[in-house]
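Notes follow the structure.
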Amino acid sequence: MNVEGLILDIDGVISRGRKPIERAIDGYRILKDVGIKTVFVSNNSTRSRRIMFERFRQFGLDVDEDELIIATHATALHIAKENGRTRVFTTGEDGLKEELINLGHELVDYRDAEYLVVGSNRGINFDIFTKALRLALNSEVRYVAVNPDRVFPAEDGPIPGTGLIIGALYWITGRQPDVIVGKPSKIIIDQAIERLGVSRERVAIVGDQIDVDVLAGKNAGIKSILVLSGVTNQENYEMKVRETGVKPDFIFRDLYELAQKLKSGK
Ligand SMILES: [Mg+2]
């Protein structure tokens, strides 16, 4: 397989919601034992790295903060690379705000904003939509979305993702984001590859969704590995491949089986 670095999705790979996938935790430890470099990449648009880091600790995983790239952080980083310290208005929650502030951006009244940053918000209201609408109508304002997720699989069933806001803004203004940072965008994947410090040919992305993780791998020009421990399973695999038109390079039951394969290959 010739892989030295892995970009690991979190939900459906290492955990389901708040619950760790036991075999996957063991699999992760095997990867570390055989010297595979790893970085976790999540499209989450409401949590900061600090919050996710605490969750990993609850799973009994000793993960470095550098080993975690969340779309909130990736967005703040991307804006900093594009424009330096920036005056931002965001629709997002505290986790996204925390990451924007951490990277030196200033959260401002919408009238003073250079950037509109759209992230999911479980308390979205008419006032926030009105401000976002006015910014989206201003072509001088750069519009960045944290991820393109339509639906988020919560424990009690699907809930709207960032797409709730992107979709509403598109319907009322005709404008789509200038930039989308989260998977399947290559922006967040390129940040992860940089973090791994491994050459692109030796990096693979591991995830449970064909239209998110496998497609992100294709967009970034790296290998993709599908695990059947989340959204995709034996029954819906063929349909998902047909829908998206992309196929993973490798398929494993879960992270444990992948780790065993990489261990035996060493
Ligand atoms: Mg997933």
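Scheme for the structure tokens: letters A, B, ... for chains in order shown; per-chain residue numbers from 1; ligand numbers from 1 in order shown.
For ligand 1, the neighbouring protein, DNA and RNA residues, which are those within 7 Å when only C-alpha atoms and all ligand atoms are counted, are Asp9, Ile10, Asp11, Gly12, Val13, Gly207, Asp208, Gln209 and Gly230 of chain A.
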For the residues selected in the previous step, produce a file with N, CA and C atoms as a compact mmCIF listing (two decimals), in the first residue's frame.
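Written file, part-v1.txt:
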# COMPACT_ATOMS: atom_id res chain seq x y z
N ASP A 9 -10.59 10.47 9.34
CA ASP A 9 -11.88 11.05 9.69
C ASP A 9 -12.19 10.61 11.13
N ILE A 10 -13.07 11.32 11.80
CA ILE A 10 -13.35 10.97 13.21
C ILE A 10 -14.67 10.21 13.33
N ASP A 11 -15.79 10.87 12.97
CA ASP A 11 -17.09 10.22 13.15
C ASP A 11 -17.27 9.11 12.12
N GLY A 12 -17.55 7.91 12.62
CA GLY A 12 -17.69 6.76 11.73
C GLY A 12 -16.39 6.00 11.53
N VAL A 13 -15.29 6.56 12.06
CA VAL A 13 -13.99 5.89 11.95
C VAL A 13 -13.45 5.56 13.34
N GLY A 207 -11.86 7.28 5.65
CA GLY A 207 -13.15 7.81 6.09
C GLY A 207 -14.28 6.85 5.81
N ASP A 208 -15.47 7.21 6.30
CA ASP A 208 -16.63 6.32 6.15
C ASP A 208 -17.62 6.81 5.11
N GLN A 209 -17.35 7.99 4.48
CA GLN A 209 -18.30 8.51 3.51
C GLN A 209 -17.65 8.73 2.14
N GLY A 230 -19.11 3.18 9.52
CA GLY A 230 -19.96 4.36 9.72
C GLY A 230 -21.13 4.38 8.75
Applying 10 Å and only C-alpha atoms, which residues near A:Leu6 remain after dropping the ones on its own chain fewer than 3 positions away? List them as a CSV table (one decimal) with N, CA and C atoms, in the first residue's frame.
chain,number,residue,atom,x,y,z
A,3,VAL,N,2.1,3.4,2.4
A,3,VAL,CA,1.5,4.6,3.1
A,3,VAL,C,2.4,4.9,4.3
A,9,ASP,N,-10.6,10.5,9.3
A,9,ASP,CA,-11.9,11.0,9.7
A,9,ASP,C,-12.2,10.6,11.1
A,31,LEU,N,-1.4,1.5,14.7
A,31,LEU,CA,-0.8,2.5,13.7
A,31,LEU,C,0.4,3.2,14.3
A,36,ILE,N,3.2,4.8,11.8
A,36,ILE,CA,2.4,5.6,10.8
A,36,ILE,C,2.1,6.9,11.4
A,37,LYS,N,2.4,8.0,10.6
A,37,LYS,CA,2.0,9.3,11.1
A,37,LYS,C,0.5,9.5,10.8
A,38,THR,N,-0.2,10.2,11.8
A,38,THR,CA,-1.6,10.4,11.6
A,38,THR,C,-2.0,11.8,11.9
A,39,VAL,N,-3.1,12.2,11.3
A,39,VAL,CA,-3.7,13.5,11.6
A,39,VAL,C,-5.2,13.3,11.5
A,40,PHE,N,-6.0,13.7,12.5
A,40,PHE,CA,-7.5,13.6,12.4
A,40,PHE,C,-8.0,14.9,11.7
A,192,ALA,N,-3.8,19.2,6.1
A,192,ALA,CA,-3.5,18.0,6.8
A,192,ALA,C,-2.2,17.4,6.3
A,193,ILE,N,-2.0,17.4,5.0
A,193,ILE,CA,-0.8,16.8,4.4
A,193,ILE,C,0.5,17.6,4.9
A,196,LEU,N,1.3,16.6,8.3
A,196,LEU,CA,1.9,15.2,8.4
A,196,LEU,C,3.4,15.3,8.1
A,198,VAL,N,4.6,14.4,5.3
A,198,VAL,CA,4.9,13.2,4.4
A,198,VAL,C,4.6,13.6,3.0
A,202,ARG,N,2.6,9.3,-0.5
A,202,ARG,CA,2.6,8.3,0.6
A,202,ARG,C,1.5,8.6,1.7
A,203,VAL,N,0.6,9.5,1.3
A,203,VAL,CA,-0.5,9.8,2.2
A,203,VAL,C,-1.9,9.2,1.7
A,204,ALA,N,-2.7,8.7,2.6
A,204,ALA,CA,-4.0,8.3,2.3
A,204,ALA,C,-5.0,8.9,3.2
A,205,ILE,N,-6.2,9.1,2.7
A,205,ILE,CA,-7.3,9.5,3.6
A,205,ILE,C,-8.2,8.3,4.0
A,206,VAL,N,-8.6,8.3,5.3
A,206,VAL,CA,-9.4,7.2,5.7
A,206,VAL,C,-10.7,7.8,6.2
A,223,LYS,N,-4.4,8.9,-2.1
A,223,LYS,CA,-5.1,7.6,-2.1
A,223,LYS,C,-6.3,7.8,-1.1
A,224,SER,N,-7.3,7.0,-1.3
A,224,SER,CA,-8.5,7.0,-0.4
A,224,SER,C,-8.8,5.6,0.1
A,225,ILE,N,-9.1,5.5,1.4
A,225,ILE,CA,-9.5,4.2,2.0
A,225,ILE,C,-10.8,4.4,2.7
- Query: Which is closer to A:Thr173 than all the others in A:Val212, A:Phe129, A:Pro153, A:Ile189, using only C-alpha atoms?
  - Reply: A:Phe129
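Residues in contact range of A:Glu114, defined as at most 10 Å between only C-alpha atoms, with sequence neighbours fewer than 5 positions away removed, read Asn83, Thr86, Arg87, Val88, Phe89, Val108, Leu135, Asn138, Glu140, Val141, Arg142 and Tyr143 of chain A.
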Okay, now the selection with C-alpha atoms, as an mmCIF file, in the first residue's frame?
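As a result, selection.cif now contains:
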data_model
loop_
_atom_site.group_PDB
_atom_site.id
_atom_site.type_symbol
_atom_site.label_atom_id
_atom_site.label_comp_id
_atom_site.auth_asym_id
_atom_site.auth_seq_id
_atom_site.Cartn_x
_atom_site.Cartn_y
_atom_site.Cartn_z
ATOM 1 C CA ASN A 83 -5.747 37.867 4.025
ATOM 2 C CA THR A 86 -9.195 39.887 9.120
ATOM 3 C CA ARG A 87 -12.411 41.582 10.249
ATOM 4 C CA VAL A 88 -14.989 38.811 10.265
ATOM 5 C CA PHE A 89 -18.696 38.379 10.752
ATOM 6 C CA VAL A 108 -16.964 42.666 14.162
ATOM 7 C CA LEU A 135 -23.054 40.624 3.533
ATOM 8 C CA ASN A 138 -22.106 42.794 -1.045
ATOM 9 C CA GLU A 140 -16.725 43.101 -1.949
ATOM 10 C CA VAL A 141 -17.228 40.779 0.998
ATOM 11 C CA ARG A 142 -15.518 37.399 0.721
ATOM 12 C CA TYR A 143 -17.831 34.536 1.606
#
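Counting only C-alpha atoms and comparing A:Leu215, A:Ile166, A:Ile210, A:Ile251, the residue that lies closest to A:Ala145 is A:Ile166.
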- Query: What's the 12 Å shell around A:Asp127, counting only C-alpha atoms, without same-chain residues fewer than 6 positions away, as a ChimeraX atom specification?
  - Reply: /A:91,110,133-134
Could the residues in this selection be saved with C-alpha atoms as an mmCIF file, in the first residue's frame?
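Below is the file out.cif, written as the result:
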data_model
loop_
_atom_site.group_PDB
_atom_site.id
_atom_site.type_symbol
_atom_site.label_atom_id
_atom_site.label_comp_id
_atom_site.auth_asym_id
_atom_site.auth_seq_id
_atom_site.Cartn_x
_atom_site.Cartn_y
_atom_site.Cartn_z
ATOM 1 C CA THR A 91 -23.034 32.987 11.655
ATOM 2 C CA TYR A 110 -21.529 42.990 10.035
ATOM 3 C CA LEU A 133 -27.920 38.207 3.789
ATOM 4 C CA ARG A 134 -26.672 41.796 3.657
#
List the neighbours of A:Val146 out to 7 Å using only C-alpha atoms; skip same-chain residues closer than 6 positions along the sequence, and give me the result as a compact mmCIF listing (two decimals) with C-alpha atoms, in the first residue's frame.
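Output (selection_13.txt):
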# COMPACT_ATOMS: atom_id res chain seq x y z
CA SER A 45 -18.19 23.54 12.26
CA ALA A 71 -12.87 22.66 9.92
CA THR A 72 -13.34 25.56 12.36
CA THR A 75 -11.14 27.98 8.22
CA VAL A 118 -20.67 30.64 7.53
CA GLY A 119 -20.66 27.84 10.05
CA ILE A 180 -15.49 25.97 1.10
CA VAL A 181 -12.83 24.74 3.52
CA GLY A 182 -14.11 21.39 4.87
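Atom pair atom CA of A:Asp66 / atom CA of A:Ser48 has a distance of 12.9 Å (rounded to one decimal).
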- Message: At a cut-off of 8 Å, using only C-alpha atoms, what residues contact A:Asp149? Leave out same-chain residues fewer than 4 positions from it and give the result as a ChimeraX atom specification.
- Response: /A:161-163
- Item | Nearest residue to A:Arg55 from the set A:Lys32, A:Thr244, A:Ser15, A:Ala74 (distances using only C-alpha atoms) | A:Ser15
- Could you give me, as a count of residues only, each residue of stretch 26-196 of chain A that DSSP assigns to helix (DSSP H, G or I) when run on this structure's backbone? 79
Which of stretch 23-254 of chain A fall in strand (DSSP E), as a PDB file with C-alpha atoms, in the first residue's frame:
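File written: states.pdb
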ATOM      1  CA  LYS A  37       1.972   9.320  11.076  1.00  0.00           C
ATOM      2  CA  THR A  38      -1.624  10.382  11.597  1.00  0.00           C
ATOM      3  CA  VAL A  39      -3.740  13.490  11.647  1.00  0.00           C
ATOM      4  CA  PHE A  40      -7.453  13.607  12.413  1.00  0.00           C
ATOM      5  CA  VAL A  41      -9.589  15.747  10.140  1.00  0.00           C
ATOM      6  CA  SER A  42     -13.177  16.628  10.978  1.00  0.00           C
ATOM      7  CA  LEU A  68      -6.242  17.440  15.124  1.00  0.00           C
ATOM      8  CA  ILE A  69      -7.537  19.544  12.244  1.00  0.00           C
ATOM      9  CA  ILE A  70     -11.117  20.669  12.605  1.00  0.00           C
ATOM     10  CA  ARG A  87     -12.411  41.582  10.249  1.00  0.00           C
ATOM     11  CA  VAL A  88     -14.989  38.811  10.265  1.00  0.00           C
ATOM     12  CA  PHE A  89     -18.696  38.379  10.752  1.00  0.00           C
ATOM     13  CA  THR A  90     -19.702  34.787  11.416  1.00  0.00           C
ATOM     14  CA  GLU A 106     -11.468  40.257  14.836  1.00  0.00           C
ATOM     15  CA  LEU A 107     -15.178  39.511  15.220  1.00  0.00           C
ATOM     16  CA  TYR A 115     -15.376  38.312   5.414  1.00  0.00           C
ATOM     17  CA  LEU A 116     -18.616  36.443   5.938  1.00  0.00           C
ATOM     18  CA  VAL A 117     -17.815  33.122   7.577  1.00  0.00           C
ATOM     19  CA  VAL A 118     -20.673  30.642   7.533  1.00  0.00           C
ATOM     20  CA  ARG A 142     -15.518  37.399   0.721  1.00  0.00           C
ATOM     21  CA  TYR A 143     -17.831  34.536   1.606  1.00  0.00           C
ATOM     22  CA  VAL A 144     -16.239  31.471   3.219  1.00  0.00           C
ATOM     23  CA  ALA A 145     -18.115  28.369   4.370  1.00  0.00           C
ATOM     24  CA  VAL A 151     -27.123  16.802   7.054  1.00  0.00           C
ATOM     25  CA  PHE A 152     -25.348  15.866  10.260  1.00  0.00           C
ATOM     26  CA  PRO A 153     -26.078  12.427  11.740  1.00  0.00           C
ATOM     27  CA  ALA A 154     -26.950  13.167  15.381  1.00  0.00           C
ATOM     28  CA  GLY A 157     -31.467  11.159  13.852  1.00  0.00           C
ATOM     29  CA  PRO A 158     -30.364  13.575  11.131  1.00  0.00           C
ATOM     30  CA  ILE A 159     -30.122  17.311  11.868  1.00  0.00           C
ATOM     31  CA  PRO A 160     -29.375  20.189   9.462  1.00  0.00           C
ATOM     32  CA  VAL A 179     -14.502  29.166  -0.696  1.00  0.00           C
ATOM     33  CA  ILE A 180     -15.485  25.972   1.099  1.00  0.00           C
ATOM     34  CA  VAL A 203      -0.533   9.817   2.218  1.00  0.00           C
ATOM     35  CA  ALA A 204      -4.015   8.275   2.254  1.00  0.00           C
ATOM     36  CA  ILE A 205      -7.298   9.529   3.637  1.00  0.00           C
ATOM     37  CA  VAL A 206      -9.425   7.159   5.734  1.00  0.00           C
ATOM     38  CA  GLY A 207     -13.149   7.811   6.090  1.00  0.00           C
ATOM     39  CA  LYS A 223      -5.144   7.620  -2.063  1.00  0.00           C
ATOM     40  CA  SER A 224      -8.470   6.982  -0.371  1.00  0.00           C
ATOM     41  CA  ILE A 225      -9.477   4.217   2.029  1.00  0.00           C
ATOM     42  CA  LEU A 226     -13.104   3.538   2.883  1.00  0.00           C
ATOM     43  CA  VAL A 227     -13.990   1.917   6.210  1.00  0.00           C
ATOM     44  CA  PHE A 250      -9.071   0.344  -0.721  1.00  0.00           C
ATOM     45  CA  ILE A 251     -11.921  -0.868   1.497  1.00  0.00           C
ATOM     46  CA  PHE A 252     -11.630  -2.228   5.047  1.00  0.00           C
TER      47      PHE A 252
END
- Note on the structure: Shortest contact to A:Tyr28, candidates A:Ile172, A:Gly265, A:Tyr256, A:Ala80, atoms counted only C-alpha atoms, goes to A:Tyr256
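The space separating atom CA of A:Asp249 from atom CA of A:Asn219 comes to 13.6 Å.
Put simply, atom CA of A:His73 is 5.3 Å away from atom CA of A:Glu99.
Distance annotation: of A:Ile128, A:Leu96, A:Ile79, A:Arg18, the residue with the minimal separation from A:Arg50 is A:Leu96; atom set is only C-alpha atoms.
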- Message: When you count only C-alpha atoms, which of these residues is closest to A:Leu77: A:Asp254, A:Asp64, A:Asp109, A:Asp190?
- Response: A:Asp190
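The protein and nucleic acid residues lying at most 10 Å from A:Lys218 are Pro184, Ser185, Lys186, Ile205, Asp213, Val214, Leu215, Ala216, Ala220, Gly221, Ile222, Lys223, Ser224, Val246, Lys247, Pro248 and Asp249 of chain A, with only C-alpha atoms considered and sequence neighbours fewer than 2 positions away removed.
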Take the residues that were just selected and, keeping N, CA and C atoms, output them as an mmCIF file, in the first residue's frame.
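And here is the file that came out, out-v5.cif:
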data_model
loop_
_atom_site.group_PDB
_atom_site.id
_atom_site.type_symbol
_atom_site.label_atom_id
_atom_site.label_comp_id
_atom_site.auth_asym_id
_atom_site.auth_seq_id
_atom_site.Cartn_x
_atom_site.Cartn_y
_atom_site.Cartn_z
ATOM 1 N N PRO A 184 -15.577 17.855 1.012
ATOM 2 C CA PRO A 184 -14.523 17.278 0.161
ATOM 3 C C PRO A 184 -13.568 18.294 -0.455
ATOM 4 N N SER A 185 -13.503 19.509 0.071
ATOM 5 C CA SER A 185 -12.562 20.499 -0.454
ATOM 6 C C SER A 185 -11.125 20.035 -0.210
ATOM 7 N N LYS A 186 -10.249 20.393 -1.156
ATOM 8 C CA LYS A 186 -8.850 20.011 -0.954
ATOM 9 C C LYS A 186 -8.144 20.938 0.037
ATOM 10 N N ILE A 205 -6.226 9.085 2.749
ATOM 11 C CA ILE A 205 -7.298 9.529 3.637
ATOM 12 C C ILE A 205 -8.169 8.332 3.984
ATOM 13 N N ASP A 213 -15.239 11.830 2.251
ATOM 14 C CA ASP A 213 -13.836 11.465 2.477
ATOM 15 C C ASP A 213 -13.138 10.967 1.214
ATOM 16 N N VAL A 214 -13.789 10.027 0.526
ATOM 17 C CA VAL A 214 -13.177 9.482 -0.695
ATOM 18 C C VAL A 214 -13.053 10.584 -1.752
ATOM 19 N N LEU A 215 -14.106 11.393 -1.878
ATOM 20 C CA LEU A 215 -14.074 12.501 -2.847
ATOM 21 C C LEU A 215 -12.990 13.525 -2.480
ATOM 22 N N ALA A 216 -12.831 13.786 -1.189
ATOM 23 C CA ALA A 216 -11.779 14.716 -0.737
ATOM 24 C C ALA A 216 -10.405 14.188 -1.155
ATOM 25 N N ALA A 220 -7.819 16.021 -3.739
ATOM 26 C CA ALA A 220 -6.469 16.403 -3.313
ATOM 27 C C ALA A 220 -5.398 15.546 -3.992
ATOM 28 N N GLY A 221 -5.820 14.570 -4.776
ATOM 29 C CA GLY A 221 -4.861 13.733 -5.488
ATOM 30 C C GLY A 221 -4.101 12.759 -4.600
ATOM 31 N N ILE A 222 -4.785 12.235 -3.570
ATOM 32 C CA ILE A 222 -4.141 11.233 -2.711
ATOM 33 C C ILE A 222 -4.991 9.953 -2.696
ATOM 34 N N LYS A 223 -4.405 8.885 -2.149
ATOM 35 C CA LYS A 223 -5.144 7.620 -2.063
ATOM 36 C C LYS A 223 -6.311 7.750 -1.071
ATOM 37 N N SER A 224 -7.346 6.951 -1.303
ATOM 38 C CA SER A 224 -8.470 6.982 -0.371
ATOM 39 C C SER A 224 -8.806 5.573 0.116
ATOM 40 N N VAL A 246 -17.298 8.215 -7.729
ATOM 41 C CA VAL A 246 -15.917 7.947 -7.283
ATOM 42 C C VAL A 246 -15.872 6.648 -6.483
ATOM 43 N N LYS A 247 -14.700 6.003 -6.540
ATOM 44 C CA LYS A 247 -14.507 4.727 -5.850
ATOM 45 C C LYS A 247 -13.271 4.818 -4.976
ATOM 46 N N PRO A 248 -13.329 4.254 -3.780
ATOM 47 C CA PRO A 248 -12.119 4.250 -2.950
ATOM 48 C C PRO A 248 -11.053 3.332 -3.534
ATOM 49 N N ASP A 249 -9.777 3.604 -3.206
ATOM 50 C CA ASP A 249 -8.695 2.729 -3.662
ATOM 51 C C ASP A 249 -8.669 1.438 -2.860
#
